[in-house]
file final.cif (mmCIF, C-alpha atoms)
data_query
#
loop_
_atom_site.label_atom_id
_atom_site.label_comp_id
_atom_site.auth_asym_id
_atom_site.auth_seq_id
_atom_site.Cartn_x
_atom_site.Cartn_y
_atom_site.Cartn_z
CA MET A 1 36.39 18.66 7.66
CA LEU A 2 37.09 15.24 9.16
CA PRO A 3 40.74 15.00 10.33
CA ILE A 4 42.94 12.62 8.26
CA GLU A 5 44.01 10.92 11.50
CA LYS A 6 40.37 10.11 12.31
CA THR A 7 39.67 8.68 8.85
CA ASN A 8 42.80 6.53 9.07
CA GLN A 9 41.67 5.19 12.47
CA LEU A 10 38.29 4.25 11.02
CA LEU A 11 39.87 2.48 8.05
CA ALA A 12 42.27 0.62 10.32
CA ARG A 13 39.47 -0.47 12.67
CA HIS A 14 37.37 -1.70 9.74
CA LYS A 15 40.28 -3.80 8.48
CA GLU A 16 41.01 -5.11 11.96
CA ILE A 17 37.41 -6.28 12.41
CA GLU A 18 37.46 -7.94 9.00
CA ASN A 19 40.60 -9.89 9.94
CA GLN A 20 39.09 -10.95 13.28
CA MET A 21 35.93 -12.21 11.56
CA VAL A 22 38.00 -14.29 9.12
CA ALA A 23 39.77 -15.88 12.09
CA SER A 24 36.52 -17.74 13.04
CA PRO A 25 35.84 -16.39 16.55
CA ASP A 26 33.14 -17.84 18.80
CA PRO A 27 29.53 -17.11 17.71
CA GLU A 28 28.88 -14.41 20.32
CA THR A 29 32.06 -12.52 19.40
CA TYR A 30 31.32 -12.92 15.69
CA VAL A 31 27.87 -11.35 16.09
CA LYS A 32 29.36 -8.32 17.87
CA LEU A 33 32.10 -7.96 15.24
CA ALA A 34 29.61 -8.31 12.40
CA SER A 35 27.42 -5.59 13.92
CA GLU A 36 30.31 -3.14 14.22
CA PHE A 37 31.56 -4.08 10.74
CA SER A 38 28.12 -3.37 9.31
CA GLU A 39 28.00 0.05 10.99
CA LEU A 40 31.49 1.01 9.81
CA THR A 41 31.16 -0.18 6.20
CA PRO A 42 29.12 2.78 4.83
CA VAL A 43 31.51 5.17 6.61
CA VAL A 44 34.55 3.45 5.12
CA GLU A 45 33.02 3.51 1.64
CA LYS A 46 32.52 7.29 1.88
CA ILE A 47 36.10 7.74 3.14
CA ARG A 48 37.50 5.74 0.22
CA ASP A 49 35.38 7.71 -2.25
CA MET A 50 36.66 10.93 -0.73
CA GLN A 51 40.27 9.76 -0.83
CA SER A 52 39.90 8.85 -4.50
CA ILE A 53 38.45 12.26 -5.39
CA ARG A 54 41.12 14.07 -3.36
CA GLU A 55 43.81 12.21 -5.29
CA GLU A 56 42.12 13.20 -8.53
CA LEU A 57 41.90 16.81 -7.36
CA ALA A 58 45.57 16.80 -6.34
CA GLY A 59 46.46 15.59 -9.86
CA LEU A 60 44.50 18.46 -11.42
CA GLU A 61 46.15 21.04 -9.15
CA GLU A 62 49.56 19.63 -10.02
CA MET A 63 48.66 19.90 -13.70
CA LEU A 64 47.59 23.54 -13.27
CA GLU A 65 50.82 24.40 -11.45
CA ASP A 66 52.94 22.80 -14.17
CA LYS A 67 53.92 25.53 -16.61
CA GLU A 68 54.40 22.94 -19.34
CA THR A 69 50.73 21.88 -19.31
CA ASP A 70 49.24 22.82 -22.69
CA GLY A 71 46.29 25.19 -22.97
CA GLU A 72 43.63 22.58 -23.75
CA MET A 73 44.56 20.34 -20.79
CA ARG A 74 44.74 23.39 -18.52
CA GLU A 75 41.26 24.45 -19.63
CA LEU A 76 39.85 20.97 -18.93
CA ALA A 77 41.47 20.97 -15.48
CA VAL A 78 39.96 24.35 -14.66
CA LEU A 79 36.51 23.08 -15.68
CA GLU A 80 36.76 19.84 -13.71
CA LYS A 81 38.16 21.29 -10.47
CA PRO A 82 34.94 22.94 -9.09
CA GLY A 83 32.98 19.72 -9.62
CA LEU A 84 35.51 17.66 -7.67
CA GLU A 85 35.62 20.22 -4.86
CA ALA A 86 31.81 20.15 -4.65
CA ARG A 87 31.82 16.35 -4.48
CA ILE A 88 34.34 16.42 -1.62
CA ILE A 89 32.16 18.88 0.34
CA LYS A 90 29.12 16.67 -0.21
CA LEU A 91 30.98 13.55 0.90
CA GLU A 92 32.26 15.33 4.01
CA GLN A 93 28.67 16.30 4.91
CA GLN A 94 27.51 12.72 4.39
CA LEU A 95 30.37 11.47 6.55
CA GLN A 96 29.47 13.89 9.32
CA LEU A 97 25.92 12.56 9.33
CA LEU A 98 27.12 8.95 9.41
CA LEU A 99 29.41 9.73 12.34
CA LEU A 100 26.80 11.51 14.45
CA PRO A 101 26.22 9.82 17.84
CA ARG A 102 23.63 7.09 17.33
CA ASP A 103 20.78 6.24 19.62
CA LYS A 104 21.45 2.61 20.55
CA ALA A 105 17.72 1.95 20.36
CA ASP A 106 17.38 3.12 16.74
CA ASP A 107 17.65 -0.36 15.25
CA LYS A 108 14.99 -1.79 17.55
CA SER A 109 11.35 -2.60 16.96
CA ALA A 110 8.91 -0.33 18.79
CA ILE A 111 5.87 -0.28 21.01
CA LEU A 112 3.26 2.20 19.76
CA GLU A 113 0.77 3.65 22.24
CA VAL A 114 -2.13 5.81 21.03
CA ARG A 115 -4.55 7.32 23.56
CA ALA A 116 -7.57 9.57 23.21
CA GLY A 117 -7.01 12.98 24.77
CA THR A 118 -9.32 15.96 25.06
CA GLY A 119 -12.47 15.73 22.95
CA GLY A 120 -14.57 12.83 24.20
CA SER A 121 -15.89 10.41 21.58
CA GLU A 122 -14.33 12.39 18.73
CA ALA A 123 -10.90 12.05 20.39
CA ALA A 124 -11.36 8.26 20.48
CA LEU A 125 -12.34 8.25 16.80
CA PHE A 126 -9.25 10.31 16.00
CA ALA A 127 -7.06 7.93 18.04
CA GLY A 128 -8.43 5.15 15.83
CA ASP A 129 -7.55 7.13 12.71
CA LEU A 130 -4.00 7.69 13.97
CA PHE A 131 -3.51 4.02 14.81
CA ARG A 132 -4.71 2.97 11.34
CA MET A 133 -2.36 5.56 9.82
CA TYR A 134 0.64 4.00 11.58
CA GLN A 135 -0.61 0.49 10.86
CA ARG A 136 -0.85 1.20 7.13
CA HIS A 137 2.52 2.98 7.16
CA ALA A 138 4.09 -0.05 8.86
CA GLU A 139 2.56 -2.44 6.33
CA ASN A 140 3.95 -0.33 3.49
CA LYS A 141 7.39 -0.65 5.10
CA GLY A 142 7.09 -4.41 5.45
CA TRP A 143 6.91 -4.19 9.24
CA LYS A 144 4.68 -6.48 11.28
CA VAL A 145 2.02 -4.97 13.56
CA GLU A 146 0.65 -6.88 16.56
CA VAL A 147 -2.00 -5.35 18.83
CA LEU A 148 -1.10 -6.00 22.48
CA SER A 149 -4.10 -4.37 24.14
CA ALA A 150 -6.99 -2.12 23.15
CA SER A 151 -9.87 -0.30 24.80
CA GLN A 152 -12.53 0.75 22.31
CA GLY A 153 -14.38 4.06 22.37
CA GLU A 154 -18.12 4.19 22.92
CA VAL A 155 -18.89 5.12 19.29
CA GLY A 156 -15.76 3.67 17.69
CA GLY A 157 -12.05 4.30 17.64
CA TYR A 158 -10.00 3.69 20.78
CA LYS A 159 -9.72 5.11 24.25
CA GLU A 160 -6.27 3.57 24.05
CA ILE A 161 -4.48 0.99 21.95
CA VAL A 162 -0.99 -0.50 22.36
CA ALA A 163 0.75 -2.40 19.56
CA ALA A 164 4.17 -3.87 18.81
CA ILE A 165 5.65 -2.87 15.45
CA LYS A 166 8.33 -5.35 14.44
CA GLY A 167 11.13 -4.54 12.02
CA LYS A 168 14.68 -3.27 11.81
CA GLY A 169 14.97 0.45 12.45
CA VAL A 170 11.31 0.98 13.37
CA PHE A 171 12.14 3.11 16.42
CA ALA A 172 14.50 5.32 14.41
CA ARG A 173 11.71 6.13 11.96
CA LEU A 174 8.84 6.56 14.41
CA LYS A 175 10.40 8.04 17.56
CA PHE A 176 9.62 11.63 16.54
CA GLU A 177 5.90 10.78 16.39
CA SER A 178 5.67 10.94 20.20
CA GLY A 179 3.53 13.85 21.32
CA VAL A 180 0.07 15.37 21.15
CA HIS A 181 -1.65 15.18 17.77
CA ARG A 182 -4.56 17.58 17.22
CA VAL A 183 -7.44 17.21 14.76
CA GLN A 184 -9.78 19.90 13.44
CA ARG A 185 -12.87 18.55 11.67
CA VAL A 186 -16.63 18.11 11.82
CA PRO A 187 -17.12 15.05 14.04
CA GLU A 188 -19.16 12.10 12.82
CA THR A 189 -21.18 12.52 16.00
CA GLU A 190 -21.91 16.22 15.31
CA SER A 191 -25.07 16.99 13.32
CA GLY A 192 -24.66 20.78 13.32
CA GLY A 193 -21.70 20.79 10.96
CA ARG A 194 -19.40 22.70 13.31
CA VAL A 195 -15.65 22.12 13.25
CA HIS A 196 -14.38 20.69 16.53
CA THR A 197 -10.84 20.41 17.85
CA SER A 198 -9.83 17.18 19.60
CA ALA A 199 -6.55 15.53 20.51
CA ALA A 200 -4.85 12.20 20.97
CA THR A 201 -1.43 11.34 22.38
CA VAL A 202 1.14 9.12 20.71
CA ALA A 203 4.10 7.50 22.47
CA VAL A 204 6.69 5.40 20.66
CA LEU A 205 9.02 3.31 22.83
CA PRO A 206 11.87 1.03 21.76
CA GLU A 207 10.85 -2.59 22.32
CA ALA A 208 13.02 -4.25 24.93
CA GLU A 209 14.54 -7.66 24.40
CA ASP A 210 14.96 -10.38 27.01
CA ILE A 211 18.64 -9.51 27.37
CA ASP A 212 17.86 -5.84 28.07
CA ILE A 213 15.78 -6.22 31.21
CA GLU A 214 15.72 -8.90 33.88
CA ILE A 215 12.34 -9.27 35.60
CA ARG A 216 12.43 -11.28 38.84
CA ASN A 217 9.40 -13.45 39.64
CA GLU A 218 9.30 -12.08 43.18
CA ASP A 219 8.92 -8.54 41.81
CA ILE A 220 5.69 -9.13 39.90
CA ARG A 221 2.08 -9.88 40.82
CA ILE A 222 -0.06 -11.58 38.17
CA ASP A 223 -3.85 -11.35 38.36
CA THR A 224 -6.30 -13.07 36.03
CA MET A 225 -9.84 -11.84 35.48
CA ARG A 226 -12.77 -12.29 33.16
CA ALA A 227 -12.26 -10.35 29.93
CA SER A 228 -15.24 -8.32 28.74
CA GLY A 229 -15.94 -6.79 25.36
CA ALA A 230 -18.02 -3.83 24.15
CA GLY A 231 -21.44 -3.56 25.81
CA GLY A 232 -20.32 -5.68 28.76
CA GLN A 233 -20.60 -8.96 26.88
CA HIS A 234 -18.06 -11.56 27.90
CA VAL A 235 -15.45 -12.44 25.31
CA ASN A 236 -15.50 -16.01 26.61
CA THR A 237 -16.63 -17.92 29.66
CA THR A 238 -13.23 -18.38 31.28
CA ASP A 239 -10.91 -16.03 33.13
CA SER A 240 -8.51 -14.95 30.39
CA ALA A 241 -7.46 -11.32 30.89
CA VAL A 242 -4.09 -10.92 32.58
CA ARG A 243 -2.88 -7.96 34.64
CA ILE A 244 0.74 -7.79 35.78
CA THR A 245 1.91 -5.38 38.45
CA HIS A 246 5.62 -4.68 38.83
CA GLU A 247 5.93 -4.05 42.56
CA PRO A 248 9.23 -2.08 42.66
CA THR A 249 8.05 0.50 40.12
CA GLY A 250 4.27 0.29 40.38
CA ILE A 251 3.96 -0.24 36.62
CA VAL A 252 0.73 -2.06 35.68
CA VAL A 253 0.15 -3.69 32.29
CA MET A 254 -2.80 -5.67 31.01
CA SER A 255 -3.75 -7.83 28.05
CA SER A 256 -7.26 -9.11 27.33
CA GLU A 257 -7.20 -11.31 24.26
CA LYS A 258 -8.88 -14.75 24.24
CA SER A 259 -5.83 -16.82 25.17
CA GLN A 260 -4.60 -16.50 28.75
CA HIS A 261 -1.22 -17.85 27.73
CA GLN A 262 -0.91 -15.22 24.98
CA ASN A 263 -2.14 -12.51 27.35
CA ARG A 264 0.62 -13.31 29.81
CA ALA A 265 3.23 -13.20 27.02
CA ASN A 266 1.84 -9.90 25.71
CA ALA A 267 1.72 -8.32 29.16
CA MET A 268 5.28 -9.44 29.99
CA ARG A 269 6.49 -7.99 26.70
CA GLU A 270 4.85 -4.65 27.43
CA LEU A 271 6.18 -4.65 31.01
CA ARG A 272 9.69 -5.40 29.79
CA THR A 273 9.44 -2.56 27.29
CA ARG A 274 8.17 -0.11 29.92
CA LEU A 275 10.97 -1.08 32.31
CA TYR A 276 13.51 -0.75 29.52
CA ASP A 277 12.20 2.72 28.74
CA LEU A 278 12.44 3.57 32.44
CA GLU A 279 16.12 2.60 32.39
CA ARG A 280 16.64 4.74 29.30
CA GLN A 281 15.02 7.64 31.11
CA LYS A 282 17.40 7.26 34.04
CA ALA A 283 20.38 7.08 31.71
CA ASP A 284 19.24 10.10 29.68
CA GLN A 285 17.06 12.34 31.82
CA GLU A 286 17.19 15.21 29.39
CA ARG A 287 15.66 13.13 26.63
CA ALA A 288 13.06 11.72 29.01
CA ASP A 289 12.02 15.25 30.05
CA SER A 290 11.66 16.18 26.39
CA ARG A 291 9.52 13.10 25.71
CA ARG A 292 7.20 13.78 28.63
CA GLY A 293 6.96 17.43 27.64
CA GLN A 294 5.93 16.50 24.11
CA VAL A 295 3.17 14.12 25.14
CA GLY A 296 1.93 16.37 27.94
CA SER A 297 -1.59 15.84 29.22
CA GLY A 298 -3.30 15.31 25.88
CA ASP A 299 -4.81 18.79 25.97
CA ARG A 300 -5.66 20.39 22.61
CA SER A 301 -3.32 23.33 23.26
CA GLU A 302 -0.31 21.06 23.57
CA ARG A 303 0.41 19.78 20.09
CA ILE A 304 3.20 18.71 17.84
CA ARG A 305 1.00 18.27 14.77
CA THR A 306 -2.42 19.41 13.55
CA TYR A 307 -4.61 17.57 11.04
CA ASN A 308 -7.04 20.11 9.55
CA PHE A 309 -9.67 18.24 7.54
CA PRO A 310 -11.63 21.22 6.12
CA GLN A 311 -8.44 22.54 4.48
CA GLY A 312 -6.85 19.14 3.78
CA ARG A 313 -3.79 20.35 5.66
CA VAL A 314 -1.29 18.71 8.01
CA SER A 315 1.08 20.96 9.96
CA ASP A 316 4.00 19.81 12.09
CA HIS A 317 4.60 22.68 14.50
CA ARG A 318 8.10 21.63 15.56
CA ILE A 319 9.61 22.30 12.14
CA ASN A 320 6.97 24.67 10.70
CA LEU A 321 6.14 22.16 7.96
CA THR A 322 2.72 22.33 6.29
CA LEU A 323 1.58 19.85 3.66
CA TYR A 324 -1.75 19.90 1.83
CA LYS A 325 -1.75 16.11 1.60
CA LEU A 326 -3.97 15.14 4.50
CA GLU A 327 -5.82 12.39 2.60
CA LYS A 328 -2.54 10.62 1.75
CA ILE A 329 -0.97 11.18 5.16
CA ILE A 330 -3.94 9.99 7.27
CA VAL A 331 -3.93 6.64 5.44
CA GLY A 332 -0.19 6.25 6.02
CA GLU A 333 0.94 6.75 2.44
CA GLY A 334 2.38 10.27 2.82
CA LEU A 335 3.82 10.00 6.33
CA ASP A 336 7.39 9.47 5.09
CA GLU A 337 7.61 13.07 3.88
CA ILE A 338 7.00 14.37 7.42
CA ILE A 339 9.26 11.77 9.05
CA ASP A 340 12.12 12.50 6.63
CA ALA A 341 11.83 16.23 7.37
CA LEU A 342 11.89 15.62 11.13
CA ILE A 343 14.98 13.40 10.87
CA THR A 344 16.77 15.93 8.64
CA ASN A 345 15.98 18.71 11.11
CA TYR A 346 17.25 16.61 14.02
CA GLN A 347 20.49 15.81 12.20
CA ALA A 348 21.00 19.47 11.26
CA ASN A 349 20.58 20.48 14.90
CA GLN A 350 23.10 17.85 15.98
CA LEU A 351 25.63 19.05 13.41
CA ALA A 352 25.08 22.66 14.49
CA ALA A 353 25.58 21.71 18.14
CA ILE A 354 28.84 19.94 17.30
CA GLY A 355 29.97 22.97 15.30
CA ASP A 356 29.16 25.32 18.20
CA ASP A 357 31.04 23.05 20.60
CA VAL A 358 34.10 23.05 18.36
CA SER A 359 33.94 26.86 18.03
CA ASN A 360 33.63 27.35 21.77
CA LYS A 361 36.61 25.09 22.45
CA GLY A 362 38.63 27.08 19.93
CA GLN A 363 38.00 30.35 21.75
#

call {"tool": "encode", "arguments": {"input": "final.cif", "output": "structure tokens"}}
result
Amino acid sequence: MLPIEKTNQLLARHKEIENQMVASPDPETYVKLASEFSELTPVVEKIRDMQSIREELAGLEEMLEDKETDGEMRELAVLEKPGLEARIIKLEQQLQLLLLPRDKADDKSAILEVRAGTGGSEAALFAGDLFRMYQRHAENKGWKVEVLSASQGEVGGYKEIVAAIKGKGVFARLKFESGVHRVQRVPETESGGRVHTSAATVAVLPEAEDIDIEIRNEDIRIDTMRASGAGGQHVNTTDSAVRITHEPTGIVVMSSEKSQHQNRANAMRELRTRLYDLERQKADQERADSRRGQVGSGDRSERIRTYNFPQGRVSDHRINLTLYKLEKIIVGEGLDEIIDALITNYQANQLAAIGDDVSNKGQ
């Protein structure tokens, strides 16, 4: 149960921010106030709903304690009381979820990286399937997808592909997709009809903004080279591919589209994102270790999810969830069901950890 003192503090802060916004502060201050106001508003609405129901419940209890209450009113009060108590419990649970510590990166857009793991050409084909799954999912959400770099497989798919997915809250929805994804199916390249197991790795990083990371000109080396396409054919006759090396960290990024200007912008964006993620890792080493452990080496045995085509089954091994909806999921239409389950599990674990912490302090 959320302490009354805490709810009063939240209500007071919400009102204070509202008054400051009305006072016409400078634009930078207004943006910060508006952001905090937006975050607090759903919390305040739940608190007010809970206060209203508690007042109603207190009125019923007072009615039941009053010996002069007639039988019919008493009977109605008895019937209504459990429903109000249940609503209060539900609101308290919703409030707890709203007040869980938030990842500051949750509202950001994301950089999606999909790489073929163990399995040769079939792994590259599967990496292509995964990328198209996320691309379709993003389109269904109204997010914008922009490919930053791609290396195609010999028979299709991708050895690796990196894309920016633009939209509010993209990282919050996709961050649990990081890890090794395993596929079990008869490869298109296999004539014997045997089921093979291959893997691809997925990494989802919050996209950095200019204000997040400062990149000094003296810290980077920019190389241009001739971009080549499949089969060794030149994409164009001029040097257009751009490779940027960040000297202090050794991070290397590359973009090989037709426009050299766009390649430089794409590479700088990816570099900024990688550096931002590096800073996040330093600030939260535990989470970084978990992320690296999930992605692993791309070996088939390391997996967070398996896509079994013969049985039409998708299994997420972290939460023991199995859905026989592979056809919908692999085209991005059924992915929400898995993502929602992963988020619910994460929130439940956070609430349990808070509960354990409170219990331990009370001992």

call {"tool": "atom_distance", "arguments": {"input": "final.cif", "atom1": "CA of Ala116 in chain A", "atom2": "CA of Gly312 in chain A"}}
result
21.7 Å

call {"tool": "resolve_selection", "arguments": {"input": "final.cif", "expression": "the PyMOL selection byres ((chain A and resi 257) around 9)", "output": "list in words"}}
result
Leu148, Ser149, Ala227, Val235, Ser240, Ala241, Val242, Ser255, Ser256, Lys258, Ser259, Gln260, Gln262 and Asn263 of chain A

call {"tool": "resolve_selection", "arguments": {"input": "final.cif", "expression": "the PyMOL selection byres ((chain A and resi 146) around 9)", "output": "number ranges by chain"}}
result
A: 144-145, 147-148, 162-166

call {"tool": "write_last_selection", "arguments": {"input": "final.cif", "atoms": "C-alpha atoms", "output": "PDB file, in the coordinates of the input"}}
result
ATOM      1  CA  LYS A 144       4.680  -6.480  11.280  1.00  0.00           C
ATOM      2  CA  VAL A 145       2.020  -4.970  13.560  1.00  0.00           C
ATOM      3  CA  VAL A 147      -2.000  -5.350  18.830  1.00  0.00           C
ATOM      4  CA  LEU A 148      -1.100  -6.000  22.480  1.00  0.00           C
ATOM      5  CA  VAL A 162      -0.990  -0.500  22.360  1.00  0.00           C
ATOM      6  CA  ALA A 163       0.750  -2.400  19.560  1.00  0.00           C
ATOM      7  CA  ALA A 164       4.170  -3.870  18.810  1.00  0.00           C
ATOM      8  CA  ILE A 165       5.650  -2.870  15.450  1.00  0.00           C
ATOM      9  CA  LYS A 166       8.330  -5.350  14.440  1.00  0.00           C
TER      10      LYS A 166
END

call {"tool": "atom_distance", "arguments": {"input": "final.cif", "atom1": "CA of Ala123 in chain A", "atom2": "CA of Ser198 in chain A"}}
result
5.3 Å

call {"tool": "resolve_selection", "arguments": {"input": "final.cif", "expression": "the PyMOL selection byres ((chain A and resi 160) around 10)", "output": "ChimeraX atom specification"}}
result
/A:113-117,124,127-128,131,149-153,157-159,161-162,200-202

call {"tool": "closest_residue", "arguments": {"input": "final.cif", "among": "A:Ala172, A:Asn308, A:Glu56, A:Met254", "to": "Arg102 in chain A", "atoms": "only C-alpha atoms"}}
result
A:Ala172

call {"tool": "atom_distance", "arguments": {"input": "final.cif", "atom1": "CA of Val31 in chain A", "atom2": "CA of Arg216 in chain A"}}
result
27.5 Å

call {"tool": "closest_residue", "arguments": {"input": "final.cif", "among": "A:Ile343, A:Met50, A:Val331, A:Lys32", "to": "Glu139 in chain A", "atoms": "only C-alpha atoms"}}
result
A:Val331

call {"tool": "residues_around", "arguments": {"input": "final.cif", "residues": "Arg54 in chain A", "least_positions_apart": "5", "cutoff": "9 Å", "atoms": "all atoms listed in the file", "output": "mmCIF file with C-alpha atoms, keeping the file's coordinate frame"}}
result
data_model
loop_
_atom_site.group_PDB
_atom_site.id
_atom_site.type_symbol
_atom_site.label_atom_id
_atom_site.label_comp_id
_atom_site.auth_asym_id
_atom_site.auth_seq_id
_atom_site.Cartn_x
_atom_site.Cartn_y
_atom_site.Cartn_z
ATOM 1 C CA ASP A 49 35.380 7.710 -2.250
ATOM 2 C CA GLY A 59 46.460 15.590 -9.860
ATOM 3 C CA LEU A 84 35.510 17.660 -7.670
ATOM 4 C CA GLU A 85 35.620 20.220 -4.860
ATOM 5 C CA ILE A 88 34.340 16.420 -1.620
#

call {"tool": "residues_around", "arguments": {"input": "final.cif", "residues": "Asp336 in chain A", "least_positions_apart": "5", "cutoff": "10 Å", "atoms": "only C-alpha atoms", "output": "JSON list (two decimals) with C-alpha atoms, keeping the file's coordinate frame"}}
result
[["chain", "number", "residue", "atom", "x", "y", "z"],
["A", 137, "HIS", "CA", 2.52, 2.98, 7.16],
["A", 173, "ARG", "CA", 11.71, 6.13, 11.96],
["A", 174, "LEU", "CA", 8.84, 6.56, 14.41],
["A", 329, "ILE", "CA", -0.97, 11.18, 5.16],
["A", 341, "ALA", "CA", 11.83, 16.23, 7.37],
["A", 342, "LEU", "CA", 11.89, 15.62, 11.13]]

call {"tool": "axis_aligned_box", "arguments": {"input": "final.cif", "around": "range 115-128 of chain A", "padding_each_side": "4 Å", "output": "JSON"}}
result
{"center_x": -10.2, "center_y": 10.6, "center_z": 20.4, "size_x": 19.3, "size_y": 18.8, "size_z": 17.2}

call {"tool": "closest_residue", "arguments": {"input": "final.cif", "among": "A:Leu321, A:Leu130, A:Met225, A:Ala267", "to": "His181 in chain A", "atoms": "only C-alpha atoms"}}
result
A:Leu130

call {"tool": "closest_residue", "arguments": {"input": "final.cif", "among": "A:Pro206, A:Gly71, A:Gly193, A:Gly169", "to": "Tyr276 in chain A", "atoms": "only C-alpha atoms"}}
result
A:Pro206

call {"tool": "closest_residue", "arguments": {"input": "final.cif", "among": "A:Leu125, A:Leu79, A:Ile244, A:Val253", "to": "Val186 in chain A", "atoms": "all atoms listed in the file"}}
result
A:Leu125

call {"tool": "closest_residue", "arguments": {"input": "final.cif", "among": "A:Ala58, A:Leu95, A:Ile213, A:Ala34", "to": "Thr7 in chain A", "atoms": "all atoms listed in the file"}}
result
A:Leu95

call {"tool": "residues_around", "arguments": {"input": "final.cif", "residues": "Glu36 in chain A", "least_positions_apart": "5", "cutoff": "9 Å", "atoms": "all atoms listed in the file", "output": "ChimeraX atom specification"}}
result
/A:14,17,31,41
